[in-house]
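Okay, my_file28.tsv now, which holds TSV, C-alpha atoms and all ligand atoms:
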```tsv
chain	number	residue	atom	x	y	z
A	1	MET	CA	-19.58	13.78	19.60
A	2	GLN	CA	-17.83	14.94	16.47
A	3	THR	CA	-18.76	13.49	13.11
A	4	LYS	CA	-15.30	13.64	11.54
A	5	LYS	CA	-13.02	10.82	12.59
A	6	ILE	CA	-9.35	11.61	13.10
A	7	LEU	CA	-6.91	8.79	12.50
A	8	PHE	CA	-4.02	8.58	14.95
A	9	THR	CA	-2.68	5.52	13.17
A	10	PRO	CA	0.28	4.58	10.95
A	11	GLY	CA	-1.91	4.63	7.85
A	12	PRO	CA	-4.18	5.02	6.09
A	13	LEU	CA	-4.14	8.48	7.58
A	14	THR	CA	-6.34	11.51	7.87
A	15	THR	CA	-6.08	13.41	4.57
A	16	SER	CA	-7.04	16.95	3.61
A	17	LYS	CA	-10.35	17.77	1.96
A	18	THR	CA	-8.53	19.06	-1.11
A	19	VAL	CA	-6.64	15.77	-1.50
A	20	LYS	CA	-9.95	13.88	-1.45
A	21	GLU	CA	-11.50	16.40	-3.86
A	22	ALA	CA	-8.76	15.67	-6.39
A	23	MET	CA	-10.49	12.30	-6.89
A	24	LEU	CA	-13.87	13.68	-7.92
A	25	GLU	CA	-13.34	13.50	-11.68
A	26	ASP	CA	-13.14	10.23	-13.54
A	27	MET	CA	-9.81	9.82	-15.22
A	28	GLY	CA	-8.83	7.52	-18.05
A	29	SER	CA	-5.52	5.72	-17.74
A	30	ARG	CA	-4.37	7.14	-21.11
A	31	ASP	CA	-5.54	10.68	-20.40
A	32	ALA	CA	-2.74	13.22	-20.93
A	33	ALA	CA	-3.47	14.78	-17.53
A	34	PHE	CA	-2.96	11.39	-15.91
A	35	ILE	CA	0.26	10.59	-17.79
A	36	THR	CA	1.62	14.01	-16.83
A	37	ALA	CA	0.65	13.46	-13.19
A	38	VAL	CA	2.54	10.14	-13.12
A	39	LYS	CA	5.61	11.78	-14.63
A	40	GLU	CA	5.52	14.68	-12.17
A	41	ILE	CA	5.07	12.35	-9.22
A	42	ARG	CA	8.01	10.16	-10.25
A	43	THR	CA	10.28	13.20	-10.57
A	44	GLU	CA	9.10	14.81	-7.35
A	45	LEU	CA	9.55	11.64	-5.27
A	46	LEU	CA	13.18	11.40	-6.35
A	47	ARG	CA	13.62	15.05	-5.47
A	48	LEU	CA	12.26	14.42	-1.97
A	49	ALA	CA	14.98	11.77	-1.54
A	50	HIS	CA	17.58	14.31	-2.79
A	51	VAL	CA	18.38	12.35	-5.95
A	52	SER	CA	17.44	12.56	-9.64
A	53	LYS	CA	17.35	10.63	-12.90
A	54	GLU	CA	20.47	12.53	-13.98
A	55	GLU	CA	22.28	11.14	-10.94
A	56	GLY	CA	21.23	7.60	-11.84
A	57	TYR	CA	18.07	7.04	-9.80
A	58	GLU	CA	14.61	5.91	-10.90
A	59	CYS	CA	11.15	5.94	-9.36
A	60	VAL	CA	8.92	2.93	-10.01
A	61	ILE	CA	5.28	3.07	-8.93
A	62	VAL	CA	3.68	-0.26	-8.03
A	63	GLN	CA	-0.10	-0.71	-7.67
A	64	GLY	CA	-1.31	-2.02	-4.32
A	65	SER	CA	-0.44	-1.27	-0.71
A	66	GLY	CA	3.03	-0.71	0.68
A	67	THR	CA	3.71	-4.41	1.09
A	68	PHE	CA	3.31	-4.92	-2.68
A	69	GLY	CA	6.15	-2.43	-3.25
A	70	ILE	CA	8.44	-4.18	-0.77
A	71	GLU	CA	7.65	-7.58	-2.23
A	72	SER	CA	8.24	-6.25	-5.74
A	73	VAL	CA	11.73	-5.03	-4.77
A	74	ILE	CA	12.68	-8.05	-2.64
A	75	SER	CA	11.48	-10.64	-5.16
A	76	SER	CA	12.81	-8.83	-8.24
A	77	ALA	CA	16.14	-7.54	-6.98
A	78	THR	CA	17.35	-10.72	-5.29
A	79	GLY	CA	18.90	-12.92	-7.96
A	80	LYS	CA	19.68	-16.62	-7.71
A	81	ASP	CA	23.33	-15.92	-6.84
A	82	ASP	CA	22.42	-13.36	-4.20
A	83	VAL	CA	22.27	-13.85	-0.47
A	84	LEU	CA	19.79	-11.53	1.22
A	85	LEU	CA	20.32	-10.61	4.86
A	86	VAL	CA	17.17	-9.35	6.58
A	87	LEU	CA	17.67	-7.23	9.70
A	88	ALA	CA	14.58	-7.73	11.82
A	89	ASN	CA	13.38	-6.12	15.03
A	90	GLY	CA	9.64	-6.12	14.57
A	91	ALA	CA	6.68	-7.35	12.54
A	92	TYR	CA	7.66	-5.50	9.35
A	93	GLY	CA	11.13	-7.02	9.31
A	94	GLU	CA	9.50	-10.43	9.82
A	95	ARG	CA	7.21	-9.68	6.88
A	96	ILE	CA	10.28	-9.37	4.63
A	97	VAL	CA	11.54	-12.69	6.02
A	98	SER	CA	8.19	-14.27	5.01
A	99	MET	CA	8.54	-12.86	1.50
A	100	ALA	CA	12.05	-14.26	1.19
A	101	ALA	CA	10.76	-17.67	2.32
A	102	ILE	CA	7.77	-17.73	-0.06
A	103	HIS	CA	9.92	-16.76	-3.04
A	104	LYS	CA	12.57	-19.25	-1.91
A	105	LEU	CA	15.32	-16.63	-1.93
A	106	ASN	CA	18.71	-17.43	-0.43
A	107	HIS	CA	18.35	-15.51	2.76
A	108	GLN	CA	19.57	-15.14	6.31
A	109	VAL	CA	18.04	-13.26	9.23
A	110	LEU	CA	19.79	-11.24	11.91
A	111	ARG	CA	17.26	-10.59	14.69
A	112	PHE	CA	17.22	-8.00	17.40
A	113	SER	CA	14.78	-7.60	20.25
A	114	GLU	CA	11.66	-5.50	19.53
A	115	ASP	CA	12.73	-2.87	22.01
A	116	GLU	CA	16.25	-2.55	20.57
A	117	ILE	CA	17.49	-0.89	17.42
A	118	VAL	CA	19.48	-2.80	14.81
A	119	SER	CA	23.09	-2.47	15.91
A	120	PRO	CA	25.40	-1.43	13.03
A	121	GLU	CA	28.33	-3.00	14.92
A	122	ALA	CA	26.49	-6.33	15.15
A	123	VAL	CA	25.74	-6.13	11.41
A	124	GLN	CA	29.40	-5.43	10.67
A	125	GLN	CA	30.47	-8.37	12.83
A	126	TYR	CA	27.88	-10.62	11.16
A	127	LEU	CA	29.14	-9.67	7.70
A	128	LYS	CA	32.71	-10.53	8.70
A	129	GLU	CA	31.49	-14.04	9.45
A	130	HIS	CA	29.18	-14.18	6.42
A	131	PRO	CA	31.01	-12.67	3.45
A	132	GLU	CA	28.49	-14.38	1.12
A	133	VAL	CA	25.83	-11.70	1.89
A	134	THR	CA	25.18	-9.46	-1.14
A	135	LYS	CA	21.98	-7.62	-0.19
A	136	ILE	CA	20.71	-6.23	3.10
A	137	ALA	CA	17.14	-5.26	3.93
A	138	CYS	CA	16.13	-3.14	6.91
A	139	ILE	CA	13.12	-1.19	8.17
A	140	HIS	CA	13.67	2.49	8.91
A	141	SER	CA	10.76	3.40	11.17
A	142	GLU	CA	9.66	0.01	12.61
A	143	THR	CA	5.97	0.68	12.97
A	144	THR	CA	5.57	-2.27	15.37
A	145	THR	CA	7.00	-0.08	18.13
A	146	GLY	CA	7.85	3.22	16.46
A	147	LEU	CA	11.63	2.93	16.86
A	148	PHE	CA	13.97	4.38	14.25
A	149	ASN	CA	16.75	2.08	13.08
A	150	PRO	CA	20.08	3.85	12.42
A	151	ILE	CA	19.86	3.74	8.63
A	152	PHE	CA	22.80	6.06	8.00
A	153	GLU	CA	25.18	3.91	10.06
A	154	ILE	CA	23.84	0.65	8.60
A	155	GLY	CA	24.26	2.20	5.13
A	156	LEU	CA	27.93	2.79	5.88
A	157	VAL	CA	28.36	-0.87	6.83
A	158	CYS	CA	26.63	-1.92	3.57
A	159	LYS	CA	28.94	0.32	1.59
A	160	GLN	CA	32.04	-1.09	3.28
A	161	HIS	CA	30.86	-4.60	2.52
A	162	ASN	CA	29.73	-3.69	-1.01
A	163	ALA	CA	26.21	-4.91	-0.26
A	164	VAL	CA	23.07	-3.54	-1.88
A	165	PHE	CA	20.94	-1.73	0.71
A	166	ILE	CA	17.12	-2.08	0.62
A	167	VAL	CA	15.19	0.13	3.03
A	168	ASP	CA	11.52	-0.06	3.99
A	169	ALA	CA	10.95	3.63	4.70
A	170	MET	CA	7.22	3.16	4.46
A	171	SER	CA	6.15	5.02	7.56
A	172	SER	CA	8.94	7.60	7.57
A	173	PHE	CA	9.52	8.86	4.02
A	174	GLY	CA	8.08	12.38	3.73
A	175	GLY	CA	8.02	12.79	7.50
A	176	VAL	CA	11.76	12.40	8.04
A	177	GLU	CA	14.47	14.02	5.93
A	178	MET	CA	16.22	11.25	3.98
A	179	ASP	CA	19.04	11.64	1.50
A	180	MET	CA	19.27	8.36	-0.40
A	181	LYS	CA	22.76	8.92	-1.69
A	182	GLN	CA	24.17	10.06	1.62
A	183	MET	CA	22.55	7.07	3.34
A	184	ASN	CA	23.88	4.65	0.70
A	185	ILE	CA	20.37	3.37	-0.02
A	186	ASP	CA	19.94	1.48	-3.29
A	187	PHE	CA	16.21	0.76	-2.98
A	188	LEU	CA	13.89	2.87	-0.81
A	189	VAL	CA	10.24	1.87	-0.60
A	190	SER	CA	7.26	3.85	0.68
A	191	SER	CA	3.58	4.24	-0.20
A	192	SER	CA	0.88	6.74	-1.10
A	193	ASN	CA	-0.96	6.75	2.21
A	194	LYS	CA	1.73	7.46	4.78
A	195	CYS	CA	3.66	10.70	5.41
A	196	ILE	CA	3.01	12.22	1.97
A	197	GLU	CA	-0.63	12.16	3.11
A	198	GLY	CA	-2.28	10.75	-0.01
A	199	VAL	CA	-4.92	8.03	-0.12
A	200	PRO	CA	-4.16	4.28	-0.38
A	201	GLY	CA	-3.57	2.77	-3.82
A	202	PHE	CA	0.09	2.36	-4.58
A	203	ALA	CA	3.64	1.91	-3.35
A	204	PHE	CA	6.74	3.43	-4.88
A	205	ALA	CA	10.32	2.25	-5.05
A	206	LEU	CA	13.16	4.72	-5.48
A	207	CYS	CA	15.96	2.74	-7.08
A	208	LYS	CA	19.56	3.15	-8.05
A	209	ARG	CA	19.28	2.50	-11.80
A	210	GLN	CA	22.41	0.37	-11.92
A	211	GLU	CA	20.82	-2.05	-9.42
A	212	LEU	CA	17.35	-1.85	-10.97
A	213	GLU	CA	18.82	-2.92	-14.32
A	214	LYS	CA	20.21	-6.07	-12.73
A	215	ALA	CA	16.64	-7.08	-11.83
A	216	LYS	CA	15.85	-7.65	-15.50
A	217	GLY	CA	14.39	-11.10	-16.03
A	218	GLN	CA	14.75	-12.30	-12.45
A	219	ALA	CA	11.28	-11.51	-11.05
A	220	ARG	CA	9.33	-14.36	-9.45
A	221	THR	CA	5.91	-12.99	-10.31
A	222	LEU	CA	4.43	-11.20	-13.30
A	223	SER	CA	2.54	-8.43	-11.50
A	224	LEU	CA	5.35	-7.55	-9.09
A	225	ASP	CA	8.13	-7.53	-11.69
A	226	LEU	CA	9.90	-4.31	-10.72
A	227	TYR	CA	11.99	-4.10	-13.87
A	228	ALA	CA	9.06	-4.71	-16.22
A	229	GLN	CA	7.00	-2.15	-14.33
A	230	TRP	CA	9.78	0.41	-14.75
A	231	GLU	CA	10.22	-0.45	-18.41
A	232	GLY	CA	6.48	0.02	-18.97
A	233	LEU	CA	6.46	3.42	-17.26
A	234	GLU	CA	9.53	4.53	-19.22
A	235	LYS	CA	8.20	3.40	-22.58
A	236	ASN	CA	4.97	5.40	-22.72
A	237	GLY	CA	4.37	6.69	-19.19
A	238	GLN	CA	1.69	4.07	-18.68
A	239	PHE	CA	1.19	1.24	-16.24
A	240	ARG	CA	1.18	-2.35	-17.44
A	241	PHE	CA	-2.11	-3.06	-15.67
A	242	THR	CA	-5.01	-0.89	-14.44
A	243	PRO	CA	-3.45	2.00	-12.54
A	244	PRO	CA	-4.89	3.54	-9.35
A	245	THR	CA	-5.92	6.61	-11.36
A	246	LEU	CA	-7.73	8.57	-8.69
A	247	SER	CA	-5.25	7.77	-6.00
A	248	ILE	CA	-2.54	9.14	-8.32
A	249	MET	CA	-4.50	12.38	-8.80
A	250	ALA	CA	-4.94	12.68	-5.03
A	251	PHE	CA	-1.22	12.07	-4.55
A	252	LEU	CA	-0.28	14.84	-6.99
A	253	GLN	CA	-2.37	17.20	-4.87
A	254	ALA	CA	-0.81	15.80	-1.67
A	255	LEU	CA	2.69	16.54	-3.03
A	256	LYS	CA	1.61	20.10	-3.81
A	257	GLU	CA	0.36	20.49	-0.25
A	258	LEU	CA	3.61	19.08	1.11
A	259	ARG	CA	5.50	21.78	-0.82
A	260	GLU	CA	3.10	24.46	0.45
A	261	GLU	CA	3.62	23.30	4.02
A	262	GLY	CA	7.35	23.92	3.57
A	263	GLY	CA	8.53	20.50	2.42
A	264	VAL	CA	9.66	17.47	4.39
A	265	GLU	CA	11.49	19.61	6.94
A	266	ALA	CA	8.34	21.55	7.90
A	267	ARG	CA	6.25	18.39	7.97
A	268	GLU	CA	8.82	16.70	10.20
A	269	GLN	CA	8.56	19.67	12.58
A	270	ARG	CA	4.76	19.41	12.70
A	271	TYR	CA	4.89	15.68	13.43
A	272	LYS	CA	7.52	16.23	16.12
A	273	LYS	CA	5.34	18.91	17.70
A	274	ASN	CA	2.37	16.49	17.64
A	275	LYS	CA	4.50	13.89	19.39
A	276	GLU	CA	5.77	16.35	21.97
A	277	ILE	CA	2.23	17.41	22.91
A	278	LEU	CA	1.04	13.81	22.98
A	279	ASP	CA	3.92	12.70	25.22
A	280	GLU	CA	3.44	15.62	27.55
A	281	GLY	CA	-0.27	14.87	27.88
A	282	LEU	CA	-0.02	11.10	28.24
A	283	LEU	CA	2.98	11.03	30.56
A	284	ASP	CA	1.21	13.59	32.70
A	285	ILE	CA	-1.81	11.28	32.93
A	286	GLY	CA	0.63	8.59	34.02
A	287	PHE	CA	1.09	6.48	30.88
A	288	LYS	CA	4.54	5.05	30.31
A	289	HIS	CA	6.53	4.57	27.12
A	290	TYR	CA	7.36	1.08	25.93
A	291	LEU	CA	10.63	2.15	24.30
A	292	ALA	CA	13.58	4.08	25.69
A	293	PRO	CA	13.05	7.69	24.55
A	294	ASP	CA	16.34	7.85	22.62
A	295	ILE	CA	15.25	5.18	20.10
A	296	GLN	CA	11.57	6.17	19.87
A	297	GLY	CA	10.87	8.00	16.59
A	298	HIS	CA	8.31	10.76	16.02
A	299	ILE	CA	6.06	8.78	13.64
A	300	ILE	CA	4.17	6.51	16.02
A	301	THR	CA	4.54	5.99	19.78
A	302	SER	CA	3.94	2.88	21.89
A	303	TYR	CA	2.43	3.34	25.37
A	304	LEU	CA	2.14	0.52	27.89
A	305	TYR	CA	-1.30	-0.45	29.18
A	306	PRO	CA	-1.98	1.05	32.61
A	307	GLN	CA	-1.52	-1.32	35.56
A	308	ASP	CA	-5.13	-0.89	36.72
A	309	PRO	CA	-6.92	-4.22	36.07
A	310	LYS	CA	-10.05	-2.25	35.13
A	311	PHE	CA	-8.30	-1.13	31.94
A	312	ASN	CA	-9.73	-2.94	28.94
A	313	PHE	CA	-8.19	-1.93	25.64
A	314	ASP	CA	-11.21	-2.80	23.49
A	315	ARG	CA	-13.49	-0.65	25.60
A	316	PHE	CA	-10.92	2.17	25.67
A	317	TYR	CA	-10.58	1.94	21.89
A	318	ASN	CA	-14.32	1.85	21.22
A	319	LYS	CA	-15.09	4.78	23.49
A	320	LEU	CA	-12.38	6.87	21.84
A	321	ASN	CA	-13.73	5.78	18.48
A	322	ASP	CA	-17.20	7.00	19.48
A	323	LEU	CA	-15.66	10.35	20.28
A	324	GLY	CA	-14.08	10.44	16.79
A	325	PHE	CA	-10.52	9.42	17.64
A	326	ILE	CA	-9.03	6.30	16.11
A	327	ILE	CA	-5.95	4.96	17.88
A	328	TYR	CA	-4.04	1.77	17.08
A	329	PRO	CA	-3.66	-1.51	18.96
A	330	GLY	CA	-0.26	-2.93	19.82
A	331	LYS	CA	1.52	-5.66	17.90
A	332	LEU	CA	4.18	-6.56	20.45
A	333	SER	CA	5.09	-10.10	21.32
A	334	LYS	CA	6.17	-9.48	24.89
A	335	ALA	CA	4.30	-6.47	26.29
A	336	ASP	CA	0.79	-5.03	26.30
A	337	ALA	CA	0.88	-1.67	24.63
A	338	PHE	CA	-1.16	0.47	22.27
A	339	ARG	CA	0.08	2.89	19.65
A	340	ILE	CA	-0.74	6.45	18.71
A	341	GLY	CA	0.39	7.90	15.39
A	342	ASN	CA	1.53	11.48	15.01
A	343	ILE	CA	1.27	11.61	11.22
A	344	GLY	CA	-1.31	12.63	8.61
A	345	GLN	CA	-3.45	15.78	8.59
A	346	ILE	CA	-3.38	16.14	12.34
A	347	PHE	CA	-2.31	19.27	14.12
A	348	PRO	CA	-1.48	20.25	17.71
A	349	ALA	CA	-5.12	21.20	18.41
A	350	ASP	CA	-6.23	17.69	17.38
A	351	VAL	CA	-3.66	16.13	19.71
A	352	HIS	CA	-4.92	18.30	22.59
A	353	ASP	CA	-8.46	17.12	21.79
A	354	LEU	CA	-7.31	13.49	21.81
A	355	ILE	CA	-5.68	13.92	25.22
A	356	LYS	CA	-8.90	15.43	26.57
A	357	ALA	CA	-10.88	12.51	25.16
A	358	ILE	CA	-8.46	9.99	26.71
A	359	LYS	CA	-8.85	11.69	30.09
A	360	ALA	CA	-12.64	11.62	29.76
A	361	VAL	CA	-12.70	7.92	28.86
A	362	LEU	CA	-10.37	6.98	31.73
A	363	ALA	CA	-12.50	8.98	34.16
A	364	GLU	CA	-15.66	7.31	32.90
A	365	GLU	CA	-14.01	3.90	33.32
A	366	ASN	CA	-12.86	4.94	36.76
A	367	ILE	CA	-9.27	4.13	35.92
A	368	MET	CA	-6.67	5.80	38.07
A	369	ILE	CA	-3.16	5.94	36.75
A	370	LYS	CA	-1.93	8.89	38.70
A	371	GLU	CA	-4.44	10.36	41.10
A	372	HIS	CA	-4.19	14.08	40.63
A	373	SER	CA	-4.23	14.35	36.88
A	374	LEU	CA	-7.53	13.01	35.57
A	375	ASN	CA	-9.74	15.87	36.60
A	376	ALA	CA	-7.21	18.44	35.40
B	1	LIG	C1	2.60	0.58	6.63
B	1	LIG	C2	3.85	-0.15	6.56
B	1	LIG	C3	4.10	-1.10	5.55
B	1	LIG	C4	3.12	-1.45	4.47
B	1	LIG	O1	1.91	-1.87	4.93
B	1	LIG	P1	0.67	-1.99	3.95
B	1	LIG	O2	-0.43	-2.40	4.87
B	1	LIG	O3	1.00	-3.01	2.94
B	1	LIG	O4	0.48	-0.65	3.32
B	1	LIG	C5	5.36	-1.67	5.50
B	1	LIG	N1	6.32	-1.37	6.39
B	1	LIG	C6	6.11	-0.48	7.37
B	1	LIG	C7	7.23	-0.19	8.30
B	1	LIG	C8	4.87	0.17	7.50
B	1	LIG	O5	4.68	1.05	8.47
```
Using the file provided, produce a representation of the structure as structure tokens.
Amino acid sequence: MQTKKILFTPGPLTTSKTVKEAMLEDMGSRDAAFITAVKEIRTELLRLAHVSKEEGYECVIVQGSGTFGIESVISSATGKDDVLLVLANGAYGERIVSMAAIHKLNHQVLRFSEDEIVSPEAVQQYLKEHPEVTKIACIHSETTTGLFNPIFEIGLVCKQHNAVFIVDAMSSFGGVEMDMKQMNIDFLVSSSNKCIEGVPGFAFALCKRQELEKAKGQARTLSLDLYAQWEGLEKNGQFRFTPPTLSIMAFLQALKELREEGGVEAREQRYKKNKEILDEGLLDIGFKHYLAPDIQGHIITSYLYPQDPKFNFDRFYNKLNDLGFIIYPGKLSKADAFRIGNIGQIFPADVHDLIKAIKAVLAEENIMIKEHSLNA
């Protein structure tokens, strides 16, 4: 049994030792080193999205988990004369719908099945019938299943319709090349503990300044006021309320390690390689994908439970956990599946080890998916 646990989840993820070590020194929120770190992070995140302050974009860091960042954008950017259209094909899209309901925003929902991507043509058709829509929110990598929605094509539809485009790129940003301008994204939200491989503590919103400025005075909460948060950071580089100091220091180190790895492109390649090895191993054992391969992204993959009635997910999970491998349960409404993430500080050798562990657990449980493969 290994002592180190490896997280094959959508976050929090396995992080490097050096990222964790960056948190060993106490740091005051007014310390020059901290203020500089915040400034560097805000600049670097824009750069990763291929935009800059000079081109009219801003990075706002919001304390809390990823959801806090989404809620900050949704509840601050949607004004009383706006109509928000939420495109939903999974739990994270539904989470935005819940936010819109709680904040009593004028909103509409266009739903797609969990195993289908958002269809840009359907969105276009919907907008023809609903010209009142002014803002559109969509998830990029829908972590419920791991599918990738066609953000570029949806962005084109938003542009045609003159609608503001809000994208939850939580589980993809840093692990998928994204050009905000090219994709017509006005607000892109992600967090510290996903593909940039930092530790939990904050979300960040990359915003088109022109749209961010319109959020002035229309927030529904004090702590999630996106405009006020931005204004605070601009004024003196400080947060309005206690910042996640150590998580910021870890994130600065994580960004450095992302550069050293070769940037987003190299990281994307590593994650894709992880996924390729995982698929090869699991399909060989006999597991089947939940999604059609052409819509399945390389961030997290859904596999259907085996048919064998002896298969018990909790036991499977716990035994893998004892061996040091953390996988992720499913969240689907109409199929039994579990998920395995390909992101974080995991490398091909770790994926091979996970496959070996899965084979060992299935053999121990006497579960046959495909007869020849388990003793391989
Ligand atoms: C992880 C994730 C979030 C945020 O979840 P938190 O638990 O609040 O960090 C939002 N959307 C997607 C698609 C995610 O994968």
Using all atoms listed in the file, which of A:Ile35, A:Glu25, A:His103, A:Glu40 sits nearest Gln218 of chain A? A:His103
Near-Leu255 of chain A list (9 Å; only C-alpha atoms; drop same-chain fewer than 4 positions) as number ranges by chain: A: 41, 44-45, 196-198, 250-251, 259-260, 263
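Restricting the calculation to only C-alpha atoms, the smallest distance between Pro12 of chain A and any of A:Leu85, A:Ala335, A:Ile327, A:Ala122 is found for A:Ile327.
Between atom CA of Leu84 of chain A and atom O1 of ligand LIG 1 (chain B) the separation is 20.7 Å.
Atom pair atom CA of Cys195 of chain A / atom CA of Ile343 of chain A: separated by 6.3 Å.
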Could you list, as a PyMOL selection string, all residues that come within 9 Å of ligand LIG 1 (chain B)? Count only C-alpha atoms and all ligand atoms. chain A and resi 10-12+64-70+90-93+95+139-144+146+168-172+189-194+200-203
Mind writing the picked residues with C-alpha atoms as a PDB file, in the frame of the given file?
```pdb
ATOM      1  CA  PRO A  10       0.280   4.580  10.950  1.00  0.00           C
ATOM      2  CA  GLY A  11      -1.910   4.630   7.850  1.00  0.00           C
ATOM      3  CA  PRO A  12      -4.180   5.020   6.090  1.00  0.00           C
ATOM      4  CA  GLY A  64      -1.310  -2.020  -4.320  1.00  0.00           C
ATOM      5  CA  SER A  65      -0.440  -1.270  -0.710  1.00  0.00           C
ATOM      6  CA  GLY A  66       3.030  -0.710   0.680  1.00  0.00           C
ATOM      7  CA  THR A  67       3.710  -4.410   1.090  1.00  0.00           C
ATOM      8  CA  PHE A  68       3.310  -4.920  -2.680  1.00  0.00           C
ATOM      9  CA  GLY A  69       6.150  -2.430  -3.250  1.00  0.00           C
ATOM     10  CA  ILE A  70       8.440  -4.180  -0.770  1.00  0.00           C
ATOM     11  CA  GLY A  90       9.640  -6.120  14.570  1.00  0.00           C
ATOM     12  CA  ALA A  91       6.680  -7.350  12.540  1.00  0.00           C
ATOM     13  CA  TYR A  92       7.660  -5.500   9.350  1.00  0.00           C
ATOM     14  CA  GLY A  93      11.130  -7.020   9.310  1.00  0.00           C
ATOM     15  CA  ARG A  95       7.210  -9.680   6.880  1.00  0.00           C
ATOM     16  CA  ILE A 139      13.120  -1.190   8.170  1.00  0.00           C
ATOM     17  CA  HIS A 140      13.670   2.490   8.910  1.00  0.00           C
ATOM     18  CA  SER A 141      10.760   3.400  11.170  1.00  0.00           C
ATOM     19  CA  GLU A 142       9.660   0.010  12.610  1.00  0.00           C
ATOM     20  CA  THR A 143       5.970   0.680  12.970  1.00  0.00           C
ATOM     21  CA  THR A 144       5.570  -2.270  15.370  1.00  0.00           C
ATOM     22  CA  GLY A 146       7.850   3.220  16.460  1.00  0.00           C
ATOM     23  CA  ASP A 168      11.520  -0.060   3.990  1.00  0.00           C
ATOM     24  CA  ALA A 169      10.950   3.630   4.700  1.00  0.00           C
ATOM     25  CA  MET A 170       7.220   3.160   4.460  1.00  0.00           C
ATOM     26  CA  SER A 171       6.150   5.020   7.560  1.00  0.00           C
ATOM     27  CA  SER A 172       8.940   7.600   7.570  1.00  0.00           C
ATOM     28  CA  VAL A 189      10.240   1.870  -0.600  1.00  0.00           C
ATOM     29  CA  SER A 190       7.260   3.850   0.680  1.00  0.00           C
ATOM     30  CA  SER A 191       3.580   4.240  -0.200  1.00  0.00           C
ATOM     31  CA  SER A 192       0.880   6.740  -1.100  1.00  0.00           C
ATOM     32  CA  ASN A 193      -0.960   6.750   2.210  1.00  0.00           C
ATOM     33  CA  LYS A 194       1.730   7.460   4.780  1.00  0.00           C
ATOM     34  CA  PRO A 200      -4.160   4.280  -0.380  1.00  0.00           C
ATOM     35  CA  GLY A 201      -3.570   2.770  -3.820  1.00  0.00           C
ATOM     36  CA  PHE A 202       0.090   2.360  -4.580  1.00  0.00           C
ATOM     37  CA  ALA A 203       3.640   1.910  -3.350  1.00  0.00           C
TER      38      ALA A 203
END
```
List the neighbours of Ile326 of chain A out to 8 Å using all atoms listed in the file; skip same-chain residues closer than 4 positions along the sequence, and give me the result as number ranges by chain. A: 5-9, 317, 320-321
Based on the selection just made, write C-alpha atoms of those residues as a PDB file, keeping the file's coordinate frame.
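To be explicit, this is the file written out as result-v5.pdb:
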```pdb
ATOM      1  CA  LYS A   5     -13.020  10.820  12.590  1.00  0.00           C
ATOM      2  CA  ILE A   6      -9.350  11.610  13.100  1.00  0.00           C
ATOM      3  CA  LEU A   7      -6.910   8.790  12.500  1.00  0.00           C
ATOM      4  CA  PHE A   8      -4.020   8.580  14.950  1.00  0.00           C
ATOM      5  CA  THR A   9      -2.680   5.520  13.170  1.00  0.00           C
ATOM      6  CA  TYR A 317     -10.580   1.940  21.890  1.00  0.00           C
ATOM      7  CA  LEU A 320     -12.380   6.870  21.840  1.00  0.00           C
ATOM      8  CA  ASN A 321     -13.730   5.780  18.480  1.00  0.00           C
TER       9      ASN A 321
END
```
Near-Lys208 of chain A list (10 Å; only C-alpha atoms; drop same-chain fewer than 3 positions) as a ChimeraX atom specification: /A:51-53,55-59,164,180-181,184-188,205,211-213
Would you mind exporting the chosen residues as a PDB file, keeping the file's coordinate frame, restricted to C-alpha atoms?
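Output file out_8.pdb follows:
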```pdb
ATOM      1  CA  VAL A  51      18.380  12.350  -5.950  1.00  0.00           C
ATOM      2  CA  SER A  52      17.440  12.560  -9.640  1.00  0.00           C
ATOM      3  CA  LYS A  53      17.350  10.630 -12.900  1.00  0.00           C
ATOM      4  CA  GLU A  55      22.280  11.140 -10.940  1.00  0.00           C
ATOM      5  CA  GLY A  56      21.230   7.600 -11.840  1.00  0.00           C
ATOM      6  CA  TYR A  57      18.070   7.040  -9.800  1.00  0.00           C
ATOM      7  CA  GLU A  58      14.610   5.910 -10.900  1.00  0.00           C
ATOM      8  CA  CYS A  59      11.150   5.940  -9.360  1.00  0.00           C
ATOM      9  CA  VAL A 164      23.070  -3.540  -1.880  1.00  0.00           C
ATOM     10  CA  MET A 180      19.270   8.360  -0.400  1.00  0.00           C
ATOM     11  CA  LYS A 181      22.760   8.920  -1.690  1.00  0.00           C
ATOM     12  CA  ASN A 184      23.880   4.650   0.700  1.00  0.00           C
ATOM     13  CA  ILE A 185      20.370   3.370  -0.020  1.00  0.00           C
ATOM     14  CA  ASP A 186      19.940   1.480  -3.290  1.00  0.00           C
ATOM     15  CA  PHE A 187      16.210   0.760  -2.980  1.00  0.00           C
ATOM     16  CA  LEU A 188      13.890   2.870  -0.810  1.00  0.00           C
ATOM     17  CA  ALA A 205      10.320   2.250  -5.050  1.00  0.00           C
ATOM     18  CA  GLU A 211      20.820  -2.050  -9.420  1.00  0.00           C
ATOM     19  CA  LEU A 212      17.350  -1.850 -10.970  1.00  0.00           C
ATOM     20  CA  GLU A 213      18.820  -2.920 -14.320  1.00  0.00           C
TER      21      GLU A 213
END
```
Would you mind telling me which residue in A:Asn312, A:Gln125, A:Asn342, A:Ser98 lies nearest to His161 of chain A when using all atoms listed in the file? A:Gln125
Which neighbours of Arg240 of chain A fall inside 12 Å, counting only C-alpha atoms, when residues of the same chain fewer than 6 positions from it are skipped, and could you give them as a PyMOL selection string? chain A and resi 29-30+60-63+222-234
Would you mind reading off the distance between atom CA of Ala292 of chain A and atom CA of Met178 of chain A, one decimal, in Å?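 One can read the atom CA of Ala292 of chain A to atom CA of Met178 of chain A distance as 23.0 Å.
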